[in-house]
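The structure under discussion appears below in the form of structure tokens.
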4 protein chains.
Amino acid sequence: MNVANRNASAPAVQWLERYAAVRQQSVALCAPLSVEDYGMQSMSDVSPPKWHLAHTSWFFETFILVPYFKGYLAFNPQYAYLFNSYYQTVGTLFPRAQRGVLSRPTVQEVLEYRKHVDAAMQSLLTGTVHGDLEQRLELGLQHEQQHQELLLTDIKHILGGNPLKPAYRQLPAGSTCATAAVTWLPHTAGVRQIGAQANDFSFDNERPRHRVYLHDFAIASRPVSNGEYLAFIDAGGYSRPELWLSDGWQELQQRHWQAPLYWQRQDNAWHHYTLGGWLPVPAEQPVCHVSYYEADAFARWAGKRLPTEAEWEVAAADVPVRGNFVEAGYLHPQAADAIPSTAQLYGDVWQWTASDYAPYPGYRAPTGALGEYNGKFMCNQRVLRGGSCASPQSHLRASYRNFFYPATRWQFSGLRLAVDI
Amino acid sequence: MNVANRNASAPAVQWLERYAAVRQQSVALCAPLSVEDYGMQSMSDVSPPKWHLAHTSWFFETFILVPYFKGYLAFNPQYAYLFNSYYQTVGTLFPRAQRGVLSRPTVQEVLEYRKHVDAAMQSLLTGTVHGDLEQRLELGLQHEQQHQELLLTDIKHILGGNPLKPAYRQLPAGSTCATAAVTWLPHTAGVRQIGAQANDFSFDNERPRHRVYLHDFAIASRPVSNGEYLAFIDAGGYSRPELWLSDGWQELQQRHWQAPLYWQRQDNAWHHYTLGGWLPVPAEQPVCHVSYYEADAFARWAGKRLPTEAEWEVAAADVPVRGNFVEAGYLHPQAADAIPSTAQLYGDVWQWTASDYAPYPGYRAPTGALGEYNGKFMCNQRVLRGGSCASPQSHLRASYRNFFYPATRWQFSGLRLAVDI
Amino acid sequence: MNVANRNASAPAVQWLERYAAVRQQSVALCAPLSVEDYGMQSMSDVSPPKWHLAHTSWFFETFILVPYFKGYLAFNPQYAYLFNSYYQTVGTLFPRAQRGVLSRPTVQEVLEYRKHVDAAMQSLLTGTVHGDLEQRLELGLQHEQQHQELLLTDIKHILGGNPLKPAYRQLPAGSTCATAAVTWLPHTAGVRQIGAQANDFSFDNERPRHRVYLHDFAIASRPVSNGEYLAFIDAGGYSRPELWLSDGWQELQQRHWQAPLYWQRQDNAWHHYTLGGWLPVPAEQPVCHVSYYEADAFARWAGKRLPTEAEWEVAAADVPVRGNFVEAGYLHPQAADAIPSTAQLYGDVWQWTASDYAPYPGYRAPTGALGEYNGKFMCNQRVLRGGSCASPQSHLRASYRNFFYPATRWQFSGLRLAVDI
Amino acid sequence: MNVANRNASAPAVQWLERYAAVRQQSVALCAPLSVEDYGMQSMSDVSPPKWHLAHTSWFFETFILVPYFKGYLAFNPQYAYLFNSYYQTVGTLFPRAQRGVLSRPTVQEVLEYRKHVDAAMQSLLTGTVHGDLEQRLELGLQHEQQHQELLLTDIKHILGGNPLKPAYRQLPAGSTCATAAVTWLPHTAGVRQIGAQANDFSFDNERPRHRVYLHDFAIASRPVSNGEYLAFIDAGGYSRPELWLSDGWQELQQRHWQAPLYWQRQDNAWHHYTLGGWLPVPAEQPVCHVSYYEADAFARWAGKRLPTEAEWEVAAADVPVRGNFVEAGYLHPQAADAIPSTAQLYGDVWQWTASDYAPYPGYRAPTGALGEYNGKFMCNQRVLRGGSCASPQSHLRASYRNFFYPATRWQFSGLRLAVDI
């Protein structure tokens, strides 16, 4: 099981409420969509919103209802094939790149599937919740929260690639204050500890908590802004191979990158697609939708570097999880003063770190299918830290490790600089 | 213009009625669909049903309303980009393979677009209809009928590839009589004429009517049946390279063909997906959803050959256009006696011919964008003749040339044999 | 067997001499090469020169020595796998696209293989040569002549793609006379006969001789020249989709065609790679290294069309096979007066015809492996007629059908126009 | 510059001798080849031997002769384009995947190029060698040694993929003693230092020497043997997704891996291609030609893990660089007692580590083109340690970092296990 020992069992009623709230939120996020939007897969990384709604239900069905709820009848036995994401040990998988050609089950049928699962879960949760069940329940809810963020980034990609550039919904205006100059927060060398604290929930990949040796470093007081990134573009950043990793330069050439994803020149000014529609790029907001390769090239151009994930975690360890999350409703990174938070460590944009996504010393993947949750992805990916404007606040913590391939751009991914001192 | 001189102008009221009927039929064909089905593109050859509904409207808008209806306001100027199929000279094209990721415009918006175009067309048609306008109107309606057949074949591919195998709608039971033995209808050598008659409507590719020399030949009295095709499969037809064209053998290996499209073994018997759902393959029905390569390999195995299109047309010249068309409602090829027709020349299945899709002697593509309708496709494709169970009856004639690449299988494509005598 | 009945058996001594001469010529064509050149495969269509030398020997070994020469011992049993080109019924095939990574057998070993085969053949040919053996011998020699032309076009591609642009050998200067204006040679409509004459050697694809109906047409008195083709380029021919077949336009875009193969702008003038090295493009020579798509687009731009293969053959029927062949040593198409010949019908450049490569009425592929020689390629290819500056003169005749895919450019392929009259 | 400060300048005569020896060794390694072998590129990772001989010369020419040897005339100015491997800042690059289609320059010309460069280098080295020049000279020689190992692995791939399976040369018989049981060498937790020592030569990627925190661990006393790896294969290792990283499982499926590279079943026993030819796989030798994914899956199956590079370096720090290197002439990993060495840490097989190839804390790539030597590859690759049977002994040290993509198999790559204690 990739859930750590929680401090104390919550009473069943609290589980019921939390389950209902989390589940309801997924459906609510889809409310602005047309039926047609639910089935789209705009690239192979993206899953149709409908698929997210079904897959998260499949997760509860497969890992909780089937083993723990006696007499449970699957809503439709074929869904086990259609909505298994990547659990090879559970059975065969419908090909990921084909998720967008499944017009059936319809949205209505998927919503009924959700109700079917929810009803069974509610029955189950009226009994005692403890031990394994509790851990799997926690995992199921955390899993659904992960998919809530993916729902938003996938919806953005589906709508943002449409030439009609439809808004997801109207977004509140943010702050337009100028960006404060970066200051550098110093940390001295020594052995530090990172990883999840003993009694909190965490994914398995945040454990075990362990020692690392850090050298002297300083970390920037805020993420890199659009204005700063524009200076990189204007300095020819996308046409100077010496600034790029070799693999990054190849991606840039093959995909004809000239700016972050969703950016285009129009009438001599950069515009970008946001969930609120097509807008000019504001200089004061954190830059977003850049790949690791772009983040790394920017840092090299700036004469700085990206922090390691250990550096980031040490810097964030004592900072409260406050910032621009999904609950704020902006659904876009904001200028620093829009939502006061320490150094914008949490929220706004995920921050690419220099760290390979690797097992922590002593890590062992859980046995069984849930061992596939995190461990098997520990190769070729980079860790991002901090959460974004699309993350649920309750989902985040200092030890949280997000991870994507270095060419990934459709997440709310930005960067924060670090320096040796 | 790829419409020939029609015999006589019809009064405007007849145009109005015909326009309304044809347009209504496209919408009616989509009635059994869920909203989700309208947007799917299950392979790059397939277009979403929604796209067909929009594109056929764009055709009337672009080629009739814009030039002929003074003051016409486009429903949405971006649709010219989204719903242009392949007319390079009209403007840039939205990439064909991406049609399935356009959740917007929604089905509702597309239906409104249709109404907008229909209202303008109705206004236009209350005036006098003659000359160029009449020819373009005829072309627009024939064009829409072509897309009605594509709608059905695309819908079949969208639903048939879904693991849930949903039926499009319930289909009437057909005849289950055994197949009569094939007889061979002889034709003697000589100079013959093929191509559209002077006064009838035809596409430009059916003209000019011209002379060809045919050698003695005989043509089969009916298409090849599933039962006969099963014998080919059982004889190892899909594993004997000597029966196949070189390019066909390569396709077979790359795509792992072992039977016609939509066929699968289940419980030791061949089943196939039909628009009525998942069913056993009946021996007495014409075989369907085979590529040119399969048709050619079958013919070689049988010691026969495919007819040329000239042979087919000479054989069909005096046969009335009767048979199993879309109006019959079967939406699947039927055993010979289900709908009496001469030799099943028309309806049931399109019949692959041995002929390359080439310009007739003296052919010149029309000038302007409508010259792109047929002429630019005259390379690498094969002619099919006769129409299918998904074709509108009024759309067919002896000189009609359908054409697809030789690897194509998602059309209702079967075969009829010929022999030298 | 794809060899027709020859008129009369030649005495064995003549066979011996002819065999020796043809075999020697293949080796002689490679004489200017460095050892390193023999193994290169510059694209998958190209075979290494070494491979040609081995494959032609394999052909004699497989189809003559093994069945007819008692006690023949294969030089190396693995060569049957390495040097089988495409005869599926003979055994498994080494992948074509990998021919260029076989450093072994070495050139020396391949030459020894040739000697081994030649010695056995000479022993065999001292006996009586008749019937089947004679036919296969004829086929083997014709086959080797086909590969001699491929040797030259493949060598050109291997050297021409090298940035050092090494010449194959010094070539003689040709004529630099201006091109005469085209005149149009008329032919009246009627039933004509095409295909190989009864008693001559031909490949199976030239048979049976049969009737065709031709409409009135006229054919150009010479091929299209570089000067004329440059006018097409200068008129924007490569950027006007309305001039191109749909598939051709797609090729042009994917491959970034802007001129014939081997052409590049340098110092404001077009240059091209020839077997004699890097030279300015002379206006008076026939244009060469164009695909069918380019030939077709040029013809459309010129308001003309390509002839069908039947038209070409009727026009060439009584013309002696004279012209600029490999024996002349130019190894490049020449201005009309370099080597007097009627209308340059033979030699200089293969001329793309409008005809699909299809079986003639009544055609049946021979049984056995040699039936794979021609028949299985009768799909998706276009017929070229006439022979080129790289063809052996004795290999050509009016009924000869060469065939390549329409995107092919590395052959000495040009075009001749035709018109309806 | 990616060379660290060397302890003391050597007299010019020593440089001359060393230069001559290293350069001569590259040519000597190619001596067993046929001319045809020199030009082959059997996959895009492989470079033709001829290319290695030219590229290493280009390196001296570009980075030493051009800047330091006044009046130097390039042998051929186009070679700068043909033989630049990946230095974007030096100029445009001939496409890597096309290296195998360059028949020219010939082997002879490349050897003349080498002589031209060597003559100039010898003139230069008769003068004083110090400072920058000395550093670049050292780098050039180390660079050439790297290519000597690549020469052997590329030659193995070129010959090993040939169906004739030619031996590179006859190899000496090794020991056939049974493998000793593994013992586990323990290390206690704490802050350790890794990275190159101040005064020795190293590449830039081995610096700066820095502190790391290591947890308690033990490392195996020898690499994993063929016999142990066969047990993994026999246990279904290649068909159990739960043992594999997600990306590794995908590679396995796409490339149909069933055993290490060069292995095939024959007569019910595993055989493999070695530089000495086609041989049965001996159980007692270290397993070789496995990817990172296979190494990782084996470790997981064995209930162990791969060491990190820091663990490996700490374990190797005080071990003398002795073992089975290229000088021993085996050119294949040997059973433990063939060449006594401590734990076979050095030689035999490169050992995959669990570590991402990343910059060390404080690392800065050198400025200028030589900064491209290592730094830009620090993404998506894994570190290997120890050297192999194809490495020059003088090229290795404890801090040496080799790196390849995790799917790489054509290097002499094996593995050593570690455990937490």
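Residues are named by chain letter and number: chains run A, B, ... in the order of the structure tokens, numbers start at 1 in each chain, and ligands are numbered from 1 in the order shown.
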Next item on the list: Please provide the set of residues having any atom within 12 Å of B:Ala315, restricted to only C-alpha atoms, with same-chain residues fewer than 5 positions apart removed, written as a PyMOL selection string.
Entry: chain B and resi 184-188+192-194+214+217-221+307-310+320+342-346+385-386+398-399+416+418
Notebook entry, point to check: Neighbours of stretch 107-123 of chain B within 9 Å (only C-alpha atoms; same-chain residues fewer than 4 positions away dropped), as a list in words?
Noted result: Glu36 of chain A; Leu16, Tyr19, Ala20, Arg23, Val27, Val35, Tyr38, Gly39, Lys50, Trp51, Leu53, Ala54, Thr56, Ser57, Trp58, Phe60, Glu61, Ile64, Leu65, Phe69, Tyr72, Ala74, Phe75, Asn76, Ser103 and Gly127 of chain B
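Across the model, the gap from atom CA of D:Val321 to atom CA of D:Leu417 is 19.9 Å.
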Check: Counting only C-alpha atoms, which residues of chain C come no farther than 10 Å from chain D, as number ranges by chain?
Finding: C: 33-43, 78-79, 81-82, 94, 98, 100-107, 158-159, 161-166
Next item on the list: Excluding A:Asn205 and residues on its chain fewer than 6 positions from it, collect all residues at most 12 Å away from it, counting only C-alpha atoms, and give them as a PyMOL selection string.
Entry: chain A and resi 1-4+194-196+357-366+371-378+383+399-403
Checklist line | From A:Val66, A:Leu133, A:Leu151, A:Ala12, residue lying nearest A:Ser47 [only C-alpha atoms] | finding: A:Leu151
Next item on the list: Using DSSP on the backbone, list every residue of stretch 150-354 of chain D that comes out as strand (DSSP E or B), and give them as a PyMOL selection string.
Entry: chain D and resi 184-187+190-194+203+210-214+217-220+225+263-266+269-274+277-280+286+305+324+347+350-354
Please produce a file of those selected residues containing N, CA and C atoms, as a tab-separated table (two decimals), in the first residue's frame.
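Listed below is the output, selection03.tsv:
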```tsv
chain	number	residue	atom	x	y	z
D	184	TRP	N	28.64	-9.91	0.61
D	184	TRP	CA	28.14	-8.53	0.65
D	184	TRP	C	29.11	-7.67	1.45
D	185	LEU	N	29.67	-6.69	0.82
D	185	LEU	CA	30.67	-5.83	1.45
D	185	LEU	C	29.97	-4.64	2.08
D	186	PRO	N	29.98	-4.54	3.41
D	186	PRO	CA	29.17	-3.53	4.10
D	186	PRO	C	29.86	-2.17	4.19
D	187	HIS	N	29.05	-1.14	4.20
D	187	HIS	CA	29.51	0.24	4.40
D	187	HIS	C	28.56	0.93	5.36
D	190	GLY	N	26.90	7.71	6.65
D	190	GLY	CA	27.64	8.91	6.99
D	190	GLY	C	27.89	9.79	5.79
D	191	VAL	N	28.49	10.93	6.05
D	191	VAL	CA	28.83	11.85	4.98
D	191	VAL	C	30.14	11.37	4.34
D	192	ARG	N	30.13	11.21	3.04
D	192	ARG	CA	31.31	10.76	2.31
D	192	ARG	C	31.62	11.79	1.22
D	193	GLN	N	32.80	11.64	0.65
D	193	GLN	CA	33.13	12.52	-0.47
D	193	GLN	C	33.28	11.69	-1.75
D	194	ILE	N	32.74	12.22	-2.82
D	194	ILE	CA	32.98	11.60	-4.12
D	194	ILE	C	33.35	12.69	-5.12
D	203	PHE	N	37.36	14.22	-16.32
D	203	PHE	CA	36.43	15.02	-17.11
D	203	PHE	C	35.72	15.99	-16.19
D	210	HIS	N	32.75	16.48	-3.81
D	210	HIS	CA	31.72	17.05	-2.93
D	210	HIS	C	31.22	15.99	-1.94
D	211	ARG	N	30.51	16.46	-0.96
D	211	ARG	CA	29.98	15.59	0.09
D	211	ARG	C	28.62	15.00	-0.31
D	212	VAL	N	28.41	13.77	0.08
D	212	VAL	CA	27.08	13.15	-0.05
D	212	VAL	C	26.81	12.38	1.24
D	213	TYR	N	25.55	12.23	1.56
D	213	TYR	CA	25.20	11.41	2.72
D	213	TYR	C	24.79	10.03	2.22
D	214	LEU	N	25.43	9.02	2.72
D	214	LEU	CA	25.05	7.64	2.36
D	214	LEU	C	24.46	6.93	3.58
D	217	PHE	N	24.74	0.46	3.70
D	217	PHE	CA	24.48	-0.39	2.53
D	217	PHE	C	25.58	-1.44	2.42
D	218	ALA	N	25.31	-2.46	1.62
D	218	ALA	CA	26.35	-3.42	1.28
D	218	ALA	C	26.31	-3.63	-0.22
D	219	ILE	N	27.46	-3.91	-0.77
D	219	ILE	CA	27.58	-4.06	-2.22
D	219	ILE	C	28.13	-5.45	-2.52
D	220	ALA	N	27.66	-6.03	-3.62
D	220	ALA	CA	28.01	-7.42	-3.94
D	220	ALA	C	29.48	-7.54	-4.28
D	225	SER	N	26.14	-12.93	-12.71
D	225	SER	CA	26.67	-13.83	-13.74
D	225	SER	C	25.58	-14.24	-14.73
D	263	TRP	N	21.97	-12.53	-27.64
D	263	TRP	CA	21.63	-13.89	-27.23
D	263	TRP	C	20.54	-14.46	-28.13
D	264	GLN	N	20.68	-15.74	-28.46
D	264	GLN	CA	19.61	-16.47	-29.13
D	264	GLN	C	19.62	-17.93	-28.69
D	265	ARG	N	18.43	-18.51	-28.63
D	265	ARG	CA	18.32	-19.94	-28.38
D	265	ARG	C	18.73	-20.69	-29.63
D	266	GLN	N	19.49	-21.71	-29.46
D	266	GLN	CA	19.85	-22.56	-30.60
D	266	GLN	C	20.03	-23.97	-30.05
D	269	ALA	N	19.75	-24.35	-26.29
D	269	ALA	CA	20.68	-23.71	-25.36
D	269	ALA	C	20.92	-22.28	-25.83
D	270	TRP	N	21.18	-21.40	-24.87
D	270	TRP	CA	21.44	-20.01	-25.22
D	270	TRP	C	22.84	-19.88	-25.79
D	271	HIS	N	22.92	-19.20	-26.91
D	271	HIS	CA	24.18	-18.84	-27.52
D	271	HIS	C	24.25	-17.32	-27.63
D	272	HIS	N	25.45	-16.82	-27.83
D	272	HIS	CA	25.55	-15.37	-28.05
D	272	HIS	C	26.71	-15.06	-29.00
D	273	TYR	N	26.56	-13.90	-29.64
D	273	TYR	CA	27.64	-13.44	-30.48
D	273	TYR	C	28.68	-12.74	-29.62
D	274	THR	N	29.94	-13.15	-29.76
D	274	THR	CA	31.04	-12.44	-29.10
D	274	THR	C	31.98	-11.98	-30.21
D	277	GLY	N	33.15	-14.67	-32.16
D	277	GLY	CA	32.21	-15.46	-32.95
D	277	GLY	C	31.02	-15.95	-32.13
D	278	TRP	N	30.34	-16.92	-32.66
D	278	TRP	CA	29.08	-17.43	-32.12
D	278	TRP	C	29.36	-18.58	-31.16
D	279	LEU	N	28.97	-18.41	-29.90
D	279	LEU	CA	29.38	-19.35	-28.86
D	279	LEU	C	28.25	-19.62	-27.87
D	280	PRO	N	28.30	-20.77	-27.20
D	280	PRO	CA	27.35	-21.00	-26.09
D	280	PRO	C	27.62	-19.98	-24.98
D	286	PRO	N	30.31	-12.83	-16.19
D	286	PRO	CA	29.34	-11.76	-15.88
D	286	PRO	C	28.37	-11.56	-17.05
D	305	ARG	N	18.74	-4.36	-5.06
D	305	ARG	CA	18.65	-3.14	-5.86
D	305	ARG	C	20.00	-2.85	-6.49
D	324	ASN	N	40.04	-6.99	-16.12
D	324	ASN	CA	40.01	-7.44	-17.50
D	324	ASN	C	39.70	-6.27	-18.43
D	347	GLY	N	36.77	-3.20	-14.98
D	347	GLY	CA	36.92	-4.11	-16.10
D	347	GLY	C	35.74	-5.06	-16.24
D	350	TRP	N	30.78	-2.70	-17.59
D	350	TRP	CA	30.26	-1.48	-16.99
D	350	TRP	C	29.07	-1.86	-16.13
D	351	GLN	N	28.95	-1.23	-14.96
D	351	GLN	CA	27.88	-1.60	-14.05
D	351	GLN	C	26.86	-0.46	-13.94
D	352	TRP	N	25.66	-0.76	-14.38
D	352	TRP	CA	24.58	0.23	-14.29
D	352	TRP	C	24.39	0.63	-12.83
D	353	THR	N	24.29	1.91	-12.57
D	353	THR	CA	23.92	2.35	-11.22
D	353	THR	C	22.51	2.90	-11.24
D	354	ALA	N	21.95	3.07	-10.07
D	354	ALA	CA	20.60	3.61	-9.94
D	354	ALA	C	20.56	5.11	-10.19
```
Next item on the list: Within 12 Å of B:Asp234, counting only C-alpha atoms, which residues show up once you throw out same-chain ones fewer than 4 positions away? Write them as a PyMOL selection string, please.
Entry: chain B and resi 226-230+238-240+258-259+270+298+301
Mind dumping the selected residues with all heavy atoms as a tab-separated table (two decimals), in the first residue's frame?
```tsv
chain	number	residue	atom	x	y	z
B	226	ASN	N	-20.33	-14.63	-48.17
B	226	ASN	CA	-19.54	-14.94	-46.97
B	226	ASN	C	-19.10	-16.40	-46.96
B	226	ASN	O	-17.98	-16.72	-46.58
B	226	ASN	CB	-20.38	-14.67	-45.71
B	226	ASN	CG	-20.53	-13.18	-45.42
B	226	ASN	OD1	-19.62	-12.40	-45.71
B	226	ASN	ND2	-21.68	-12.80	-44.88
B	227	GLY	N	-20.01	-17.26	-47.37
B	227	GLY	CA	-19.67	-18.69	-47.37
B	227	GLY	C	-18.47	-18.97	-48.27
B	227	GLY	O	-17.55	-19.71	-47.90
B	228	GLU	N	-18.49	-18.37	-49.45
B	228	GLU	CA	-17.37	-18.56	-50.37
B	228	GLU	C	-16.09	-17.95	-49.81
B	228	GLU	O	-15.01	-18.52	-49.94
B	228	GLU	CB	-17.72	-17.96	-51.74
B	228	GLU	CG	-18.76	-18.78	-52.48
B	228	GLU	CD	-19.57	-17.99	-53.51
B	228	GLU	OE1	-19.46	-16.73	-53.52
B	228	GLU	OE2	-20.31	-18.61	-54.28
B	229	TYR	N	-16.24	-16.82	-49.18
B	229	TYR	CA	-15.06	-16.15	-48.63
B	229	TYR	C	-14.49	-16.95	-47.46
B	229	TYR	O	-13.27	-17.03	-47.27
B	229	TYR	CB	-15.41	-14.73	-48.20
B	229	TYR	CG	-14.18	-13.86	-48.09
B	229	TYR	CD1	-13.64	-13.25	-49.22
B	229	TYR	CD2	-13.53	-13.69	-46.88
B	229	TYR	CE1	-12.49	-12.48	-49.14
B	229	TYR	CE2	-12.38	-12.93	-46.79
B	229	TYR	CZ	-11.87	-12.31	-47.92
B	229	TYR	OH	-10.72	-11.55	-47.83
B	230	LEU	N	-15.36	-17.58	-46.69
B	230	LEU	CA	-14.90	-18.42	-45.58
B	230	LEU	C	-14.06	-19.58	-46.10
B	230	LEU	O	-13.09	-20.00	-45.45
B	230	LEU	CB	-16.09	-18.95	-44.79
B	230	LEU	CG	-16.65	-17.95	-43.78
B	230	LEU	CD1	-18.06	-18.34	-43.34
B	230	LEU	CD2	-15.73	-17.87	-42.55
B	238	TYR	N	-5.15	-16.11	-46.00
B	238	TYR	CA	-4.43	-14.99	-45.37
B	238	TYR	C	-2.99	-15.34	-44.99
B	238	TYR	O	-2.32	-14.55	-44.34
B	238	TYR	CB	-5.21	-14.50	-44.14
B	238	TYR	CG	-6.39	-13.62	-44.49
B	238	TYR	CD1	-7.61	-14.19	-44.86
B	238	TYR	CD2	-6.30	-12.23	-44.48
B	238	TYR	CE1	-8.71	-13.41	-45.19
B	238	TYR	CE2	-7.40	-11.43	-44.81
B	238	TYR	CZ	-8.59	-12.02	-45.18
B	238	TYR	OH	-9.66	-11.23	-45.51
B	239	SER	N	-2.54	-16.52	-45.37
B	239	SER	CA	-1.14	-16.86	-45.04
B	239	SER	C	-0.38	-17.39	-46.25
B	239	SER	O	0.66	-18.00	-46.10
B	239	SER	CB	-1.11	-17.88	-43.90
B	239	SER	OG	-1.89	-19.02	-44.25
B	240	ARG	N	-0.89	-17.11	-47.44
B	240	ARG	CA	-0.20	-17.59	-48.65
B	240	ARG	C	0.18	-16.41	-49.52
B	240	ARG	O	-0.62	-15.93	-50.32
B	240	ARG	CB	-1.12	-18.55	-49.40
B	240	ARG	CG	-1.34	-19.87	-48.63
B	240	ARG	CD	-2.44	-20.72	-49.26
B	240	ARG	NE	-2.22	-20.94	-50.69
B	240	ARG	CZ	-3.12	-21.54	-51.48
B	240	ARG	NH1	-4.28	-21.96	-50.98
B	240	ARG	NH2	-2.86	-21.70	-52.75
B	258	GLN	N	-6.67	-10.98	-40.85
B	258	GLN	CA	-6.94	-12.43	-40.88
B	258	GLN	C	-8.35	-12.72	-41.40
B	258	GLN	O	-8.73	-13.89	-41.55
B	258	GLN	CB	-6.79	-13.03	-39.48
B	258	GLN	CG	-5.39	-12.83	-38.92
B	258	GLN	CD	-5.19	-13.58	-37.64
B	258	GLN	OE1	-5.89	-13.33	-36.66
B	258	GLN	NE2	-4.26	-14.52	-37.65
B	259	ALA	N	-9.10	-11.66	-41.64
B	259	ALA	CA	-10.49	-11.79	-42.08
B	259	ALA	C	-10.94	-10.38	-42.45
B	259	ALA	O	-10.22	-9.41	-42.22
B	259	ALA	CB	-11.35	-12.35	-40.94
B	270	TRP	N	-17.25	-17.47	-36.73
B	270	TRP	CA	-17.01	-16.07	-37.08
B	270	TRP	C	-18.23	-15.23	-36.76
B	270	TRP	O	-19.35	-15.57	-37.13
B	270	TRP	CB	-16.69	-15.96	-38.59
B	270	TRP	CG	-15.32	-16.45	-38.92
B	270	TRP	CD1	-14.98	-17.65	-39.48
B	270	TRP	CD2	-14.08	-15.75	-38.70
B	270	TRP	NE1	-13.62	-17.74	-39.64
B	270	TRP	CE2	-13.03	-16.59	-39.17
B	270	TRP	CE3	-13.75	-14.51	-38.16
B	270	TRP	CZ2	-11.69	-16.23	-39.11
B	270	TRP	CZ3	-12.42	-14.14	-38.10
B	270	TRP	CH2	-11.40	-14.99	-38.57
B	298	PHE	N	-8.70	-13.08	-53.26
B	298	PHE	CA	-9.77	-14.07	-53.37
B	298	PHE	C	-9.94	-14.51	-54.83
B	298	PHE	O	-10.04	-15.69	-55.13
B	298	PHE	CB	-11.09	-13.51	-52.83
B	298	PHE	CG	-12.23	-14.47	-53.00
B	298	PHE	CD1	-12.51	-15.41	-52.01
B	298	PHE	CD2	-13.00	-14.47	-54.16
B	298	PHE	CE1	-13.54	-16.33	-52.19
B	298	PHE	CE2	-14.03	-15.38	-54.34
B	298	PHE	CZ	-14.30	-16.31	-53.34
B	301	TRP	N	-7.20	-16.77	-55.93
B	301	TRP	CA	-7.38	-18.10	-55.34
B	301	TRP	C	-8.48	-18.87	-56.07
B	301	TRP	O	-8.37	-20.08	-56.30
B	301	TRP	CB	-7.71	-17.92	-53.85
B	301	TRP	CG	-8.14	-19.17	-53.17
B	301	TRP	CD1	-7.33	-20.19	-52.74
B	301	TRP	CD2	-9.47	-19.55	-52.82
B	301	TRP	NE1	-8.07	-21.17	-52.16
B	301	TRP	CE2	-9.40	-20.81	-52.19
B	301	TRP	CE3	-10.72	-18.95	-52.98
B	301	TRP	CZ2	-10.53	-21.47	-51.72
B	301	TRP	CZ3	-11.85	-19.60	-52.51
B	301	TRP	CH2	-11.76	-20.85	-51.89
```
Next item on the list: Tell me which of A:Trp249, A:Glu149, A:Ser175, A:Glu242 sits closest to A:Phe325, counting only C-alpha atoms.
Entry: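 Closest candidate: A:Glu149.
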Next item on the list: Would you kindly return, as an NGL selection string, each protein, DNA or RNA residue with an atom no farther than 8 Å from any atom of C:Gln381, considering only C-alpha atoms and excluding same-chain residues fewer than 5 positions away?
Entry: (:B and (380)) or (:C and (356-357 or 403-406))
Next item on the list: Have a look at atom CA of D:Ile339 and atom CA of D:Glu284 and let me know their distance in Å, one decimal.
Entry: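 It comes out at 13.6 Å.
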